[in-house]
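Structure below is model21.txt: compact mmCIF, C-alpha atoms.
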```txt
# COMPACT_ATOMS: atom_id res chain seq x y z
CA VAL A 1356 5.43 -24.91 -5.24
CA LYS A 1357 4.63 -23.43 -8.63
CA LEU A 1358 4.86 -19.70 -9.28
CA SER A 1359 2.41 -17.75 -11.43
CA LEU A 1360 1.80 -14.08 -12.11
CA SER A 1361 -1.38 -12.34 -11.13
CA TYR A 1362 -2.91 -8.93 -11.76
CA PHE A 1363 -5.54 -7.20 -9.70
CA SER A 1364 -5.28 -3.46 -9.34
CA SER A 1365 -3.61 -1.95 -12.39
CA GLN A 1366 -4.72 1.60 -12.99
CA GLN A 1367 -5.14 3.18 -16.35
CA ARG A 1368 -2.22 5.35 -17.39
CA ALA A 1369 -1.75 7.71 -20.25
CA GLU A 1370 0.37 5.42 -22.37
CA SER A 1371 0.26 1.66 -22.96
CA PRO A 1372 -1.73 0.78 -19.84
CA TYR A 1373 -1.79 -2.90 -20.80
CA GLU A 1374 1.94 -3.18 -21.31
CA LEU A 1375 2.61 -4.42 -17.75
CA VAL A 1376 0.22 -7.33 -18.09
CA LEU A 1377 1.35 -8.18 -21.63
CA GLU A 1378 5.02 -8.00 -20.61
CA GLY A 1379 4.28 -10.24 -17.63
CA ALA A 1380 2.60 -12.71 -19.98
CA ARG A 1381 5.60 -12.72 -22.34
CA PHE A 1382 8.08 -13.07 -19.48
CA GLY A 1383 6.11 -15.74 -17.68
CA ASP A 1384 5.59 -17.68 -20.89
CA THR A 1385 9.27 -17.75 -21.80
CA HIS A 1386 10.49 -18.41 -18.24
CA GLY A 1387 8.44 -21.39 -17.15
CA PHE A 1388 5.87 -19.68 -14.95
CA ASP A 1389 2.83 -21.85 -14.44
CA SER A 1390 0.08 -19.39 -15.30
CA ILE A 1391 -1.12 -15.81 -15.50
CA TRP A 1392 -4.22 -14.72 -13.59
CA ILE A 1393 -6.47 -11.90 -14.82
CA PRO A 1394 -9.16 -10.40 -12.56
CA GLU A 1395 -12.64 -9.01 -13.12
CA ARG A 1396 -13.14 -5.53 -11.64
CA HIS A 1397 -15.90 -2.99 -12.13
CA PHE A 1398 -16.63 0.70 -11.77
CA HIS A 1399 -13.43 1.70 -10.01
CA ARG A 1400 -10.08 3.12 -11.04
CA PHE A 1401 -8.21 0.37 -9.14
CA GLY A 1402 -8.24 -2.67 -11.35
CA GLY A 1403 -10.22 -0.71 -13.93
CA LEU A 1404 -8.19 -2.21 -16.77
CA PHE A 1405 -9.97 -5.52 -16.28
CA PRO A 1406 -13.76 -5.29 -16.61
CA ASN A 1407 -13.81 -8.64 -18.39
CA ALA A 1408 -10.95 -11.09 -17.93
CA SER A 1409 -11.74 -12.99 -21.13
CA VAL A 1410 -10.96 -9.99 -23.36
CA VAL A 1411 -7.47 -9.50 -21.92
CA ALA A 1412 -7.03 -13.28 -21.81
CA ALA A 1413 -7.65 -13.40 -25.57
CA ALA A 1414 -4.81 -10.98 -26.15
CA ILE A 1415 -2.53 -13.05 -23.93
CA ALA A 1416 -3.60 -16.24 -25.70
CA VAL A 1417 -2.23 -15.11 -29.04
CA LEU A 1418 0.91 -13.64 -27.48
CA THR A 1419 2.01 -16.77 -25.64
CA ASN A 1420 2.57 -20.48 -26.25
CA GLY A 1421 2.69 -22.47 -23.05
CA ILE A 1422 1.60 -20.51 -19.99
CA SER A 1423 -1.85 -21.25 -18.56
CA ILE A 1424 -4.31 -18.36 -18.71
CA ARG A 1425 -6.80 -18.01 -15.91
CA ALA A 1426 -9.57 -15.77 -14.73
CA GLY A 1427 -8.97 -14.83 -11.13
CA SER A 1428 -11.87 -14.50 -10.94
CA VAL A 1429 -15.08 -14.45 -12.95
CA VAL A 1430 -17.76 -12.95 -10.71
CA LEU A 1431 -20.35 -15.47 -11.81
CA PRO A 1432 -23.54 -13.96 -10.33
CA LEU A 1433 -23.01 -10.94 -12.58
CA HIS A 1434 -23.12 -12.99 -15.75
CA ASP A 1435 -25.20 -15.24 -17.89
CA PRO A 1436 -23.45 -18.64 -17.84
CA LEU A 1437 -24.15 -18.93 -21.59
CA ARG A 1438 -21.92 -15.92 -22.21
CA VAL A 1439 -19.21 -17.19 -19.85
CA ALA A 1440 -19.10 -20.54 -21.65
CA GLU A 1441 -19.01 -18.83 -25.06
CA GLU A 1442 -16.32 -16.29 -24.24
CA TRP A 1443 -13.95 -18.67 -22.51
CA ALA A 1444 -14.38 -21.30 -25.24
CA VAL A 1445 -13.05 -18.69 -27.69
CA VAL A 1446 -10.02 -18.07 -25.47
CA ASP A 1447 -9.56 -21.81 -24.99
CA ILE A 1448 -9.27 -22.28 -28.74
CA LEU A 1449 -7.07 -19.22 -29.27
CA SER A 1450 -4.74 -20.52 -26.55
CA ARG A 1451 -4.95 -24.17 -27.66
CA GLY A 1452 -6.48 -25.35 -24.42
CA ARG A 1453 -4.75 -23.25 -21.77
CA VAL A 1454 -7.66 -21.58 -19.94
CA GLY A 1455 -9.14 -22.05 -16.49
CA ILE A 1456 -11.50 -19.93 -14.44
CA ALA A 1457 -11.96 -19.20 -10.76
CA ALA A 1458 -15.55 -18.54 -9.82
CA ALA A 1459 -16.10 -15.72 -7.33
CA THR A 1460 -19.25 -14.65 -5.53
CA GLY A 1461 -18.53 -10.93 -5.59
CA TYR A 1462 -19.00 -8.65 -2.61
CA ALA A 1463 -19.13 -5.02 -3.75
CA PRO A 1464 -22.79 -3.98 -4.03
CA ASN A 1465 -21.99 -1.57 -6.87
CA ASP A 1466 -20.66 -4.41 -9.02
CA PHE A 1467 -24.18 -5.76 -8.97
CA ALA A 1468 -25.39 -2.80 -10.97
CA LEU A 1469 -24.79 -5.34 -13.76
CA ALA A 1470 -27.23 -7.81 -12.23
CA ALA A 1471 -29.02 -6.23 -9.28
CA THR A 1472 -31.43 -9.10 -8.74
CA GLU A 1473 -28.58 -11.57 -8.18
CA TYR A 1474 -27.10 -9.86 -5.12
CA ALA A 1475 -29.26 -11.40 -2.43
CA ALA A 1476 -28.68 -15.01 -3.47
CA ARG A 1477 -25.19 -14.51 -4.89
CA LYS A 1478 -23.61 -17.43 -3.01
CA GLU A 1479 -26.14 -19.95 -4.30
CA GLN A 1480 -26.06 -18.34 -7.73
CA THR A 1481 -22.29 -18.76 -7.94
CA LEU A 1482 -22.52 -22.52 -7.46
CA ALA A 1483 -25.57 -22.93 -9.67
CA LYS A 1484 -24.04 -20.95 -12.53
CA LEU A 1485 -20.71 -22.71 -12.16
CA ASP A 1486 -22.48 -26.01 -12.62
CA THR A 1487 -24.24 -24.65 -15.73
CA VAL A 1488 -20.96 -23.37 -17.23
CA ARG A 1489 -19.35 -26.76 -16.69
CA ARG A 1490 -22.26 -28.55 -18.38
CA LEU A 1491 -22.31 -26.16 -21.33
CA TRP A 1492 -18.56 -26.59 -21.69
CA ARG A 1493 -19.03 -30.36 -22.04
CA GLY A 1494 -21.65 -29.82 -24.73
CA ASP A 1495 -24.86 -30.22 -22.73
CA LEU A 1496 -27.95 -28.32 -23.77
CA ILE A 1497 -29.85 -26.24 -21.22
CA ASP A 1498 -33.45 -25.07 -21.38
CA ARG A 1499 -33.97 -21.31 -21.60
CA VAL A 1500 -36.92 -19.12 -22.40
CA ASN A 1501 -36.37 -17.53 -25.80
CA GLY A 1502 -37.47 -14.21 -27.32
CA ILE A 1503 -41.02 -15.36 -27.98
CA GLY A 1504 -41.52 -16.80 -24.51
CA VAL A 1505 -40.93 -20.42 -25.46
CA SER A 1506 -38.66 -22.67 -23.42
CA SER A 1507 -36.09 -24.15 -25.78
CA PRO A 1508 -32.82 -26.09 -25.43
CA VAL A 1509 -29.62 -24.16 -26.22
CA GLY A 1510 -25.96 -25.16 -26.35
CA THR A 1511 -22.93 -22.92 -26.77
CA PHE A 1512 -20.36 -22.50 -29.53
CA PRO A 1513 -17.53 -22.57 -30.33
CA ARG A 1514 -16.71 -25.96 -28.90
CA PRO A 1515 -13.62 -25.59 -26.67
CA MET A 1516 -10.35 -27.54 -26.98
CA GLN A 1517 -10.33 -28.88 -23.42
CA PRO A 1518 -13.07 -31.44 -22.76
CA GLU A 1519 -13.42 -30.16 -19.16
CA LEU A 1520 -13.03 -26.57 -18.03
CA PRO A 1521 -10.46 -26.39 -15.20
CA ILE A 1522 -12.22 -24.57 -12.38
CA TRP A 1523 -11.27 -22.93 -9.10
CA LEU A 1524 -13.58 -21.68 -6.38
CA THR A 1525 -12.49 -18.32 -4.99
CA CYS A 1526 -12.37 -18.61 -1.20
CA GLY A 1527 -11.75 -15.18 0.30
CA GLY A 1528 -11.01 -16.73 3.65
CA SER A 1529 -13.85 -15.25 5.68
CA ASP A 1530 -16.05 -18.25 4.92
CA ALA A 1531 -14.32 -21.31 6.38
CA GLY A 1532 -16.84 -23.76 4.94
CA LYS A 1533 -16.11 -22.76 1.38
CA PHE A 1534 -12.89 -24.77 1.21
CA ALA A 1535 -14.78 -27.98 1.93
CA GLN A 1536 -17.42 -26.95 -0.61
CA ALA A 1537 -14.70 -26.60 -3.26
CA GLY A 1538 -13.36 -30.01 -2.33
CA ALA A 1539 -16.75 -31.65 -2.67
CA LEU A 1540 -17.26 -30.01 -6.10
CA GLY A 1541 -13.93 -31.27 -7.39
CA ALA A 1542 -12.84 -27.66 -7.92
CA ASN A 1543 -9.43 -26.17 -7.18
CA VAL A 1544 -9.14 -23.34 -4.64
CA LEU A 1545 -8.08 -19.73 -5.14
CA THR A 1546 -7.45 -17.91 -1.87
CA ALA A 1547 -5.39 -15.18 -0.17
CA LEU A 1548 -3.79 -14.53 3.20
CA PHE A 1549 -5.51 -11.30 4.14
CA VAL A 1550 -8.19 -12.59 6.44
CA GLN A 1551 -6.44 -15.79 7.43
CA ASN A 1552 -2.93 -16.51 8.68
CA ILE A 1553 -0.84 -19.49 7.60
CA ASP A 1554 -2.06 -21.75 10.41
CA THR A 1555 -5.71 -21.04 9.63
CA LEU A 1556 -4.99 -21.55 5.96
CA ALA A 1557 -3.33 -24.91 6.67
CA SER A 1558 -6.37 -26.21 8.54
CA ARG A 1559 -8.71 -25.02 5.79
CA ILE A 1560 -6.58 -26.71 3.13
CA ALA A 1561 -6.78 -29.88 5.21
CA SER A 1562 -10.58 -29.58 5.22
CA TYR A 1563 -10.48 -29.05 1.44
CA ARG A 1564 -8.45 -32.21 0.85
CA ALA A 1565 -10.61 -34.20 3.27
CA ALA A 1566 -13.73 -33.12 1.37
CA ARG A 1567 -12.13 -34.24 -1.90
CA ALA A 1568 -11.38 -37.64 -0.41
CA GLN A 1569 -14.94 -37.90 0.86
CA ALA A 1570 -16.23 -37.14 -2.65
CA GLY A 1571 -14.14 -40.02 -3.98
CA LEU A 1572 -11.47 -37.76 -5.50
CA ASN A 1573 -7.71 -37.91 -5.04
CA PRO A 1574 -7.09 -35.39 -2.24
CA ALA A 1575 -3.62 -34.54 -3.52
CA THR A 1576 -4.54 -33.59 -7.08
CA GLY A 1577 -6.80 -30.68 -6.14
CA ARG A 1578 -4.82 -27.50 -6.52
CA VAL A 1579 -4.65 -24.75 -3.91
CA THR A 1580 -3.58 -21.43 -5.42
CA LEU A 1581 -2.70 -18.55 -3.11
CA MET A 1582 -2.71 -14.98 -4.35
CA VAL A 1583 0.13 -13.09 -2.70
CA HIS A 1584 1.52 -9.57 -3.10
CA THR A 1585 5.00 -9.92 -4.51
CA PHE A 1586 8.08 -7.82 -5.04
CA VAL A 1587 11.50 -9.45 -4.95
CA ASP A 1588 14.47 -7.12 -4.61
CA THR A 1589 18.20 -7.21 -3.91
CA SER A 1590 17.79 -6.17 -0.26
CA LEU A 1591 15.03 -5.95 2.33
CA GLU A 1592 15.44 -2.20 2.67
CA ALA A 1593 15.35 -1.56 -1.08
CA CYS A 1594 12.18 -3.64 -1.26
CA ARG A 1595 10.56 -1.89 1.71
CA GLN A 1596 11.20 1.49 0.14
CA LYS A 1597 9.68 0.51 -3.18
CA VAL A 1598 6.57 -1.21 -1.85
CA ARG A 1599 5.69 0.81 1.28
CA GLU A 1600 3.81 3.71 -0.27
CA PRO A 1601 1.83 1.79 -2.88
CA PHE A 1602 1.08 -1.00 -0.45
CA LEU A 1603 -0.15 1.42 2.24
CA ALA A 1604 -2.45 3.01 -0.33
CA TYR A 1605 -3.67 -0.45 -1.22
CA LEU A 1606 -4.30 -1.31 2.44
CA ALA A 1607 -6.13 1.93 3.08
CA SER A 1608 -8.47 1.26 0.19
CA SER A 1609 -9.09 -2.43 0.77
CA VAL A 1610 -12.33 -3.26 2.48
CA GLU A 1611 -11.47 -6.93 2.71
CA VAL A 1612 -8.37 -6.28 4.79
CA TRP A 1613 -10.25 -4.54 7.56
CA SER A 1614 -13.53 -6.36 7.49
CA SER A 1615 -11.84 -9.45 8.92
CA GLY A 1616 -12.12 -8.05 12.42
CA PHE A 1617 -15.13 -6.28 13.79
CA LYS A 1618 -13.99 -2.86 12.65
CA ARG A 1619 -13.33 -1.02 9.45
CA LEU A 1620 -10.61 1.55 9.04
CA GLU A 1621 -13.25 4.30 9.22
CA ASP A 1622 -14.14 3.10 12.72
CA VAL A 1623 -10.59 3.40 14.00
CA PRO A 1624 -10.02 6.66 15.94
CA HIS A 1625 -8.25 9.19 13.74
CA HIS A 1626 -5.09 9.47 15.82
CA LEU A 1627 -4.57 5.71 15.62
CA ARG A 1628 -5.05 5.33 11.88
CA GLU A 1629 -1.49 6.03 10.87
CA ASP A 1630 -0.17 3.61 13.50
CA MET A 1631 -2.71 1.12 12.34
CA LEU A 1632 -1.56 1.31 8.73
CA SER A 1633 2.11 1.15 9.72
CA PHE A 1634 1.46 -1.88 11.86
CA ALA A 1635 -0.56 -3.59 9.16
CA PHE A 1636 2.14 -2.81 6.63
CA GLU A 1637 4.82 -4.44 8.79
CA ARG A 1638 2.58 -7.42 9.38
CA TYR A 1639 1.99 -8.02 5.70
CA PHE A 1640 5.55 -7.13 4.77
CA ARG A 1641 6.95 -9.67 7.17
CA THR A 1642 4.41 -12.47 7.25
CA SER A 1643 1.96 -12.41 4.39
CA ALA A 1644 3.64 -11.18 1.23
CA LEU A 1645 6.56 -12.16 -0.94
CA PHE A 1646 8.49 -9.03 -0.13
CA GLY A 1647 12.27 -9.00 0.24
CA THR A 1648 15.21 -10.93 -1.14
CA VAL A 1649 15.09 -14.28 -2.91
CA ASP A 1650 16.25 -15.96 0.34
CA VAL A 1651 13.61 -14.27 2.51
CA CYS A 1652 10.84 -15.03 0.02
CA ALA A 1653 11.97 -18.64 -0.42
CA ARG A 1654 11.45 -19.20 3.32
CA LEU A 1655 7.86 -17.98 3.12
CA VAL A 1656 7.24 -20.11 0.03
CA GLU A 1657 8.53 -23.11 1.95
CA ALA A 1658 6.18 -22.39 4.87
CA LEU A 1659 3.24 -22.00 2.50
CA GLY A 1660 4.16 -25.21 0.74
CA ALA A 1661 4.18 -26.98 4.11
CA ALA A 1662 0.71 -25.53 4.76
CA GLY A 1663 -0.51 -27.29 1.60
CA VAL A 1664 -0.32 -24.52 -1.00
CA ASP A 1665 0.46 -25.79 -4.51
CA GLU A 1666 0.75 -22.57 -6.47
CA LEU A 1667 1.49 -18.95 -5.65
CA ALA A 1668 -0.20 -16.39 -7.89
CA CYS A 1669 2.25 -13.51 -7.46
CA LEU A 1670 0.32 -10.26 -7.52
CA VAL A 1671 2.62 -7.72 -9.13
CA ASP A 1672 0.47 -4.72 -10.10
CA PHE A 1673 -0.39 -3.20 -6.70
CA GLY A 1674 1.33 0.08 -7.44
CA VAL A 1675 5.10 -0.29 -7.72
CA PRO A 1676 6.07 1.64 -10.89
CA ASP A 1677 5.83 -0.55 -14.01
CA ALA A 1678 9.53 -0.20 -14.82
CA ASP A 1679 10.50 -1.49 -11.36
CA VAL A 1680 8.05 -4.38 -11.60
CA VAL A 1681 9.45 -5.44 -14.97
CA ALA A 1682 13.03 -5.04 -13.73
CA GLY A 1683 12.09 -7.25 -10.76
CA PHE A 1684 10.89 -10.14 -12.95
CA ALA A 1685 14.45 -11.51 -13.19
CA LEU A 1686 14.68 -11.96 -9.39
CA LEU A 1687 11.17 -13.37 -9.29
CA ASP A 1688 12.33 -15.93 -11.83
CA GLU A 1689 15.31 -16.73 -9.61
CA LEU A 1690 12.85 -17.39 -6.79
CA ARG A 1691 10.76 -19.54 -9.14
CA ARG A 1692 13.76 -21.68 -10.05
CA ARG A 1693 14.58 -22.05 -6.36
CA VAL A 1694 11.11 -23.22 -5.30
CA ASP A 1695 9.73 -24.95 -8.40
CA GLY A 1696 9.12 -28.58 -7.59
CA SER A 1697 9.83 -28.08 -3.88
CA VAL B 74 5.63 8.58 35.20
CA ASN B 75 9.34 7.97 35.06
CA LEU B 76 10.35 5.17 32.76
CA THR B 77 13.61 4.49 34.61
CA SER B 78 11.56 3.36 37.58
CA ARG B 79 10.20 0.35 35.71
CA ASP B 80 12.07 -2.88 35.62
CA PRO B 81 11.59 -5.49 32.90
CA VAL B 82 9.55 -7.75 35.17
CA GLU B 83 7.06 -4.99 35.84
CA ILE B 84 6.73 -4.27 32.11
CA ARG B 85 6.44 -7.97 31.38
CA ASN B 86 3.63 -8.34 33.90
CA TRP B 87 1.82 -5.33 32.46
CA LEU B 88 2.11 -6.81 28.94
CA MET B 89 0.89 -10.22 30.05
CA ALA B 90 -2.15 -8.71 31.73
CA ALA B 91 -2.84 -6.52 28.69
CA PHE B 92 -2.55 -9.45 26.29
CA ALA B 93 -4.76 -11.59 28.49
CA THR B 94 -7.43 -8.87 28.32
CA ALA B 95 -7.04 -8.31 24.58
CA LEU B 96 -7.20 -12.04 23.89
CA LYS B 97 -10.01 -12.63 26.41
CA THR B 98 -8.02 -15.21 28.32
CA THR B 99 -6.17 -15.53 31.63
CA VAL B 100 -2.65 -14.30 32.42
CA GLU B 101 -1.59 -17.93 32.97
CA GLU B 102 -2.47 -18.69 29.33
CA VAL B 103 -0.18 -15.96 27.97
CA ASP B 104 3.28 -17.27 27.10
CA PRO B 105 5.80 -14.41 27.48
CA THR B 106 8.31 -16.18 25.22
CA ALA B 107 5.92 -16.94 22.36
CA PRO B 108 6.17 -14.84 19.20
CA PHE B 109 3.42 -12.21 19.06
CA VAL B 110 2.27 -13.54 15.69
CA ASN B 111 1.13 -16.70 17.48
CA PHE B 112 -1.37 -14.67 19.48
CA GLY B 113 -3.47 -13.90 16.43
CA LEU B 114 -3.84 -10.31 17.56
CA ASP B 115 -5.35 -8.17 14.83
CA SER B 116 -3.88 -4.83 13.79
CA ILE B 117 -6.45 -2.75 15.64
CA ALA B 118 -5.92 -4.60 18.92
CA ALA B 119 -2.15 -4.31 18.56
CA VAL B 120 -2.33 -0.58 17.93
CA GLU B 121 -4.69 0.00 20.84
CA LEU B 122 -2.47 -2.07 23.09
CA SER B 123 0.64 -0.11 22.14
CA ALA B 124 -1.24 3.15 22.72
CA ASP B 125 -2.22 1.97 26.22
CA LEU B 126 1.34 0.86 26.85
CA GLY B 127 2.61 4.29 25.81
CA ASP B 128 0.14 5.96 28.19
CA TRP B 129 1.29 3.73 31.04
CA LEU B 130 5.00 4.29 30.33
CA GLY B 131 4.54 7.98 29.69
CA GLU B 132 6.19 7.87 26.28
CA ARG B 133 5.13 6.91 22.79
CA VAL B 134 5.52 3.26 21.82
CA SER B 135 5.29 2.62 18.09
CA PRO B 136 3.18 -0.46 17.39
CA THR B 137 5.74 -1.65 14.85
CA VAL B 138 8.29 -2.15 17.66
CA ILE B 139 6.79 -5.58 18.26
CA TRP B 140 8.09 -6.70 14.90
CA ASP B 141 11.64 -5.98 16.05
CA TYR B 142 11.13 -7.40 19.57
CA PRO B 143 8.70 -10.17 18.77
CA SER B 144 7.81 -11.57 22.20
CA ILE B 145 6.68 -10.15 25.55
CA GLU B 146 10.08 -10.98 27.15
CA GLU B 147 12.06 -9.31 24.40
CA LEU B 148 9.81 -6.26 24.22
CA ALA B 149 9.92 -5.83 28.02
CA ARG B 150 13.73 -6.00 28.01
CA HIS B 151 13.91 -3.52 25.15
CA LEU B 152 11.54 -1.00 26.75
CA SER B 153 13.28 -1.26 30.10
CA ALA B 154 16.71 -0.74 28.54
CA ARG B 155 15.39 2.17 26.47
CA GLY B 156 14.01 3.84 29.62
CA GLY B 157 17.29 3.46 31.49
CA THR B 158 19.38 5.30 28.95
```
Re-express the file's structure as structure tokens.
Amino acid sequence: VKLSLSYFSSQQRAESPYELVLEGARFGDTHGFDSIWIPERHFHRFGGLFPNASVVAAAIAVLTNGISIRAGSVVLPLHDPLRVAEEWAVVDILSRGRVGIAAATGYAPNDFALAATEYAARKEQTLAKLDTVRRLWRGDLIDRVNGIGVSSPVGTFPRPMQPELPIWLTCGGSDAGKFAQAGALGANVLTALFVQNIDTLASRIASYRAARAQAGLNPATGRVTLMVHTFVDTSLEACRQKVREPFLAYLASSVEVWSSGFKRLEDVPHHLREDMLSFAFERYFRTSALFGTVDVCARLVEALGAAGVDELACLVDFGVPDADVVAGFALLDELRRRVDGS
Amino acid sequence: VNLTSRDPVEIRNWLMAAFATALKTTVEEVDPTAPFVNFGLDSIAAVELSADLGDWLGERVSPTVIWDYPSIEELARHLSARGGT
């Protein structure tokens, strides 16, 4: 199983807000991490450092030499595929062919302030625009209506280094059919454990690989990347202390965590909310996150590998103080050496 | 309700019935030795179940206790021992 770094919820701070992501890029690049994942987030303090993954990716491109640089994700319905193809071609050249993008549908209605008309058909739009981006990347021309109302063929520049854009489909886990869809498209999969446990994930990965085979593709070469909250420490208790508060805040603010069942946190009776958060914290701490010592984390990596996961995108910016995150990179690298190639 | 009056079998039976209800299945389908994580119980159901259990026992049961005593058998033994001391 390959280890990568991923960012999702960094908040702006007074000084050097981008240092954590740039330091992660430097560390990952010099320590054999597979890739670094940059998100797209809008109109909220959480994740507010990343309104456009390609801009941060460009900075990482010139700072690093070997690590892959990926958008996790580009919310495609919000964008014109012409712009996506243009922007990521720039980063592809700056990085000498190290980019890839995961295409997400988007769920927060406010994000669609950027493209209000796309909300209703966002699922279909994601797939349609992904297809357009892939064609533009290869050099195809597409017909668009220009400024004087005339339909005319356009193609994007610059021409990227990679002949094909490596693509992932972001599968949140609430839509079981999406894994098979990704398989049929020949895309890789980006997913997370929140709304699915390991057993469910394993069966969905099986459906993904079966769909690849059915499409005439090698089932084994499609990559399944799992985003997972990560903090490796010298002891379980030290880890629990560092992650508990920021992770609880993250849980309390995460719609996707609670929408898996029939209720949202707001619907839980007040006197049960604290218990609810404590229980959820223990659940994620023990079963769904890389939290704990190298040994404890290696066991979970092994279980995920057995479920069919190829790459773990270790989410490091969920609220542990930057200095602790950076200090923890050394143990994360120890874990990487333990599980790489397993 | 006096906790000391409950033996582990009684607690185990209560838990099996409660899990059967929460999981919309029959008591026979609930394995008292299986790890709770296998039941696929979501956080809300687990918290409501531990609140009901606390009401029945007459003392608070933290929902996180199931992580330390991860099956019905183990939890029943723990709660019964805790009540006796």
Residue contacts of range 1692-1697 of chain A (12 Å, all atoms listed in the file) excluding same-chain residues fewer than 4 positions away, as a CSV table (one decimal) with C-alpha atoms, keeping the file's coordinate frame:
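And here's around_4.csv as it stands now:
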```
chain,number,residue,atom,x,y,z
A,1356,VAL,CA,5.4,-24.9,-5.2
A,1357,LYS,CA,4.6,-23.4,-8.6
A,1358,LEU,CA,4.9,-19.7,-9.3
A,1359,SER,CA,2.4,-17.8,-11.4
A,1386,HIS,CA,10.5,-18.4,-18.2
A,1387,GLY,CA,8.4,-21.4,-17.2
A,1388,PHE,CA,5.9,-19.7,-15.0
A,1389,ASP,CA,2.8,-21.8,-14.4
A,1649,VAL,CA,15.1,-14.3,-2.9
A,1650,ASP,CA,16.2,-16.0,0.3
A,1651,VAL,CA,13.6,-14.3,2.5
A,1652,CYS,CA,10.8,-15.0,0.0
A,1653,ALA,CA,12.0,-18.6,-0.4
A,1654,ARG,CA,11.4,-19.2,3.3
A,1655,LEU,CA,7.9,-18.0,3.1
A,1656,VAL,CA,7.2,-20.1,0.0
A,1657,GLU,CA,8.5,-23.1,2.0
A,1658,ALA,CA,6.2,-22.4,4.9
A,1659,LEU,CA,3.2,-22.0,2.5
A,1660,GLY,CA,4.2,-25.2,0.7
A,1661,ALA,CA,4.2,-27.0,4.1
A,1663,GLY,CA,-0.5,-27.3,1.6
A,1664,VAL,CA,-0.3,-24.5,-1.0
A,1665,ASP,CA,0.5,-25.8,-4.5
A,1666,GLU,CA,0.8,-22.6,-6.5
A,1667,LEU,CA,1.5,-19.0,-5.6
A,1685,ALA,CA,14.4,-11.5,-13.2
A,1686,LEU,CA,14.7,-12.0,-9.4
A,1687,LEU,CA,11.2,-13.4,-9.3
A,1688,ASP,CA,12.3,-15.9,-11.8
```
Please identify every residue of chain B that has at least one atom no farther than 7 Å from an atom of chain A, counting only C-alpha atoms, and for each give the shortest atom pair and the distance in Å to one decimal, arranged by chain then increasing number, as a tab-separated table.
```
residue	atom	partner	partner_atom	distance
B:Ser116	CA	A:Ala1635	CA	5.8
B:Ile117	CA	A:Met1631	CA	6.3
B:Val120	CA	A:Met1631	CA	5.9
B:Pro136	CA	A:Phe1634	CA	6.0
B:Thr137	CA	A:Phe1634	CA	5.2
```
The residue from B:Arg155, B:Ile139, B:Arg79, B:Thr94 with the smallest atom-to-atom distance to Val110 in chain B, counting all atoms listed in the file, is B:Ile139
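With all atoms listed in the file taken into account, the protein and nucleic acid residues at most 8 Å from Leu1591 in chain A (excluding it and anything under 5 positions from it in its own chain) are Phe1646, Gly1647 and Thr1648 of chain A.
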Please indicate the distance in Å from CA of Ala1426 in chain A to CA of Leu1645 in chain A, rounded to one decimal place. 21.5 Å
Centre and edge lengths of an axis-aligned box around all listed atoms of range 92-105 of chain B, with 6 Å added on each side, are to be given in Å to one decimal, as lines of an AutoDock Vina configuration file.
```
center_x = -2.1
center_y = -13.5
center_z = 28.4
size_x = 27.8
size_y = 22.4
size_z = 21.1
```
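Put simply, CA of Ala1369 in chain A is 28.4 Å away from CA of Ile1422 in chain A.
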Any idea what the distance is between CA of Ala107 in chain B and CA of Phe92 in chain B?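 These two atoms are separated by 12.0 Å.
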I want to know what sits within 10 Å of Ser1562 in chain A, based on only C-alpha atoms, with residues of the same chain fewer than 6 positions away left out; could you give that as a ChimeraX atom specification? /A:1531-1538,1556,1568
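With all atoms listed in the file as the atoms that count, the residue of B:Phe112, B:Trp129, B:Asp141, B:Pro105 with the shortest distance to Val82 in chain B is B:Pro105.
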Could you name the residues that touch range 1450-1463 of chain A at 7 Å or less, counting all atoms listed in the file, but leaving out those on the same chain fewer than 4 positions away, as a list in words?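 My list of contacting residues is Ala1416, Val1417, Ser1423, Ile1424, Arg1425, Ala1426, Gly1427, Ser1428, Val1429, Val1430, Leu1431, Pro1432, Val1446, Arg1477, Lys1478, Thr1481, Met1516, Gln1517, Leu1520, Pro1521, Ile1522, Trp1523, Leu1524, Thr1525 and Leu1545 of chain A.
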Could you give me, as a list in words, the residues that have an atom at most 10 Å away from the point (2.0, -12.2, 21.7) in the coordinates of the file, using all atoms listed in the file?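 Residues satisfying the cut-off, written out: Leu88, Met89, Phe92, Ala93, Leu96, Val103, Asp104, Pro105, Thr106, Ala107, Pro108, Phe109, Val110, Asn111, Phe112, Gly113, Leu114, Ala119, Ile139, Pro143, Ser144, Ile145 and Glu146 of chain B.
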The selected residues should be written to file as a compact mmCIF listing (two decimals), in the coordinates of the input (atoms: C-alpha atoms).
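Printed below is part_9.txt as written:
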```
# COMPACT_ATOMS: atom_id res chain seq x y z
CA LEU B 88 2.11 -6.81 28.94
CA MET B 89 0.89 -10.22 30.05
CA PHE B 92 -2.55 -9.45 26.29
CA ALA B 93 -4.76 -11.59 28.49
CA LEU B 96 -7.20 -12.04 23.89
CA VAL B 103 -0.18 -15.96 27.97
CA ASP B 104 3.28 -17.27 27.10
CA PRO B 105 5.80 -14.41 27.48
CA THR B 106 8.31 -16.18 25.22
CA ALA B 107 5.92 -16.94 22.36
CA PRO B 108 6.17 -14.84 19.20
CA PHE B 109 3.42 -12.21 19.06
CA VAL B 110 2.27 -13.54 15.69
CA ASN B 111 1.13 -16.70 17.48
CA PHE B 112 -1.37 -14.67 19.48
CA GLY B 113 -3.47 -13.90 16.43
CA LEU B 114 -3.84 -10.31 17.56
CA ALA B 119 -2.15 -4.31 18.56
CA ILE B 139 6.79 -5.58 18.26
CA PRO B 143 8.70 -10.17 18.77
CA SER B 144 7.81 -11.57 22.20
CA ILE B 145 6.68 -10.15 25.55
CA GLU B 146 10.08 -10.98 27.15
```
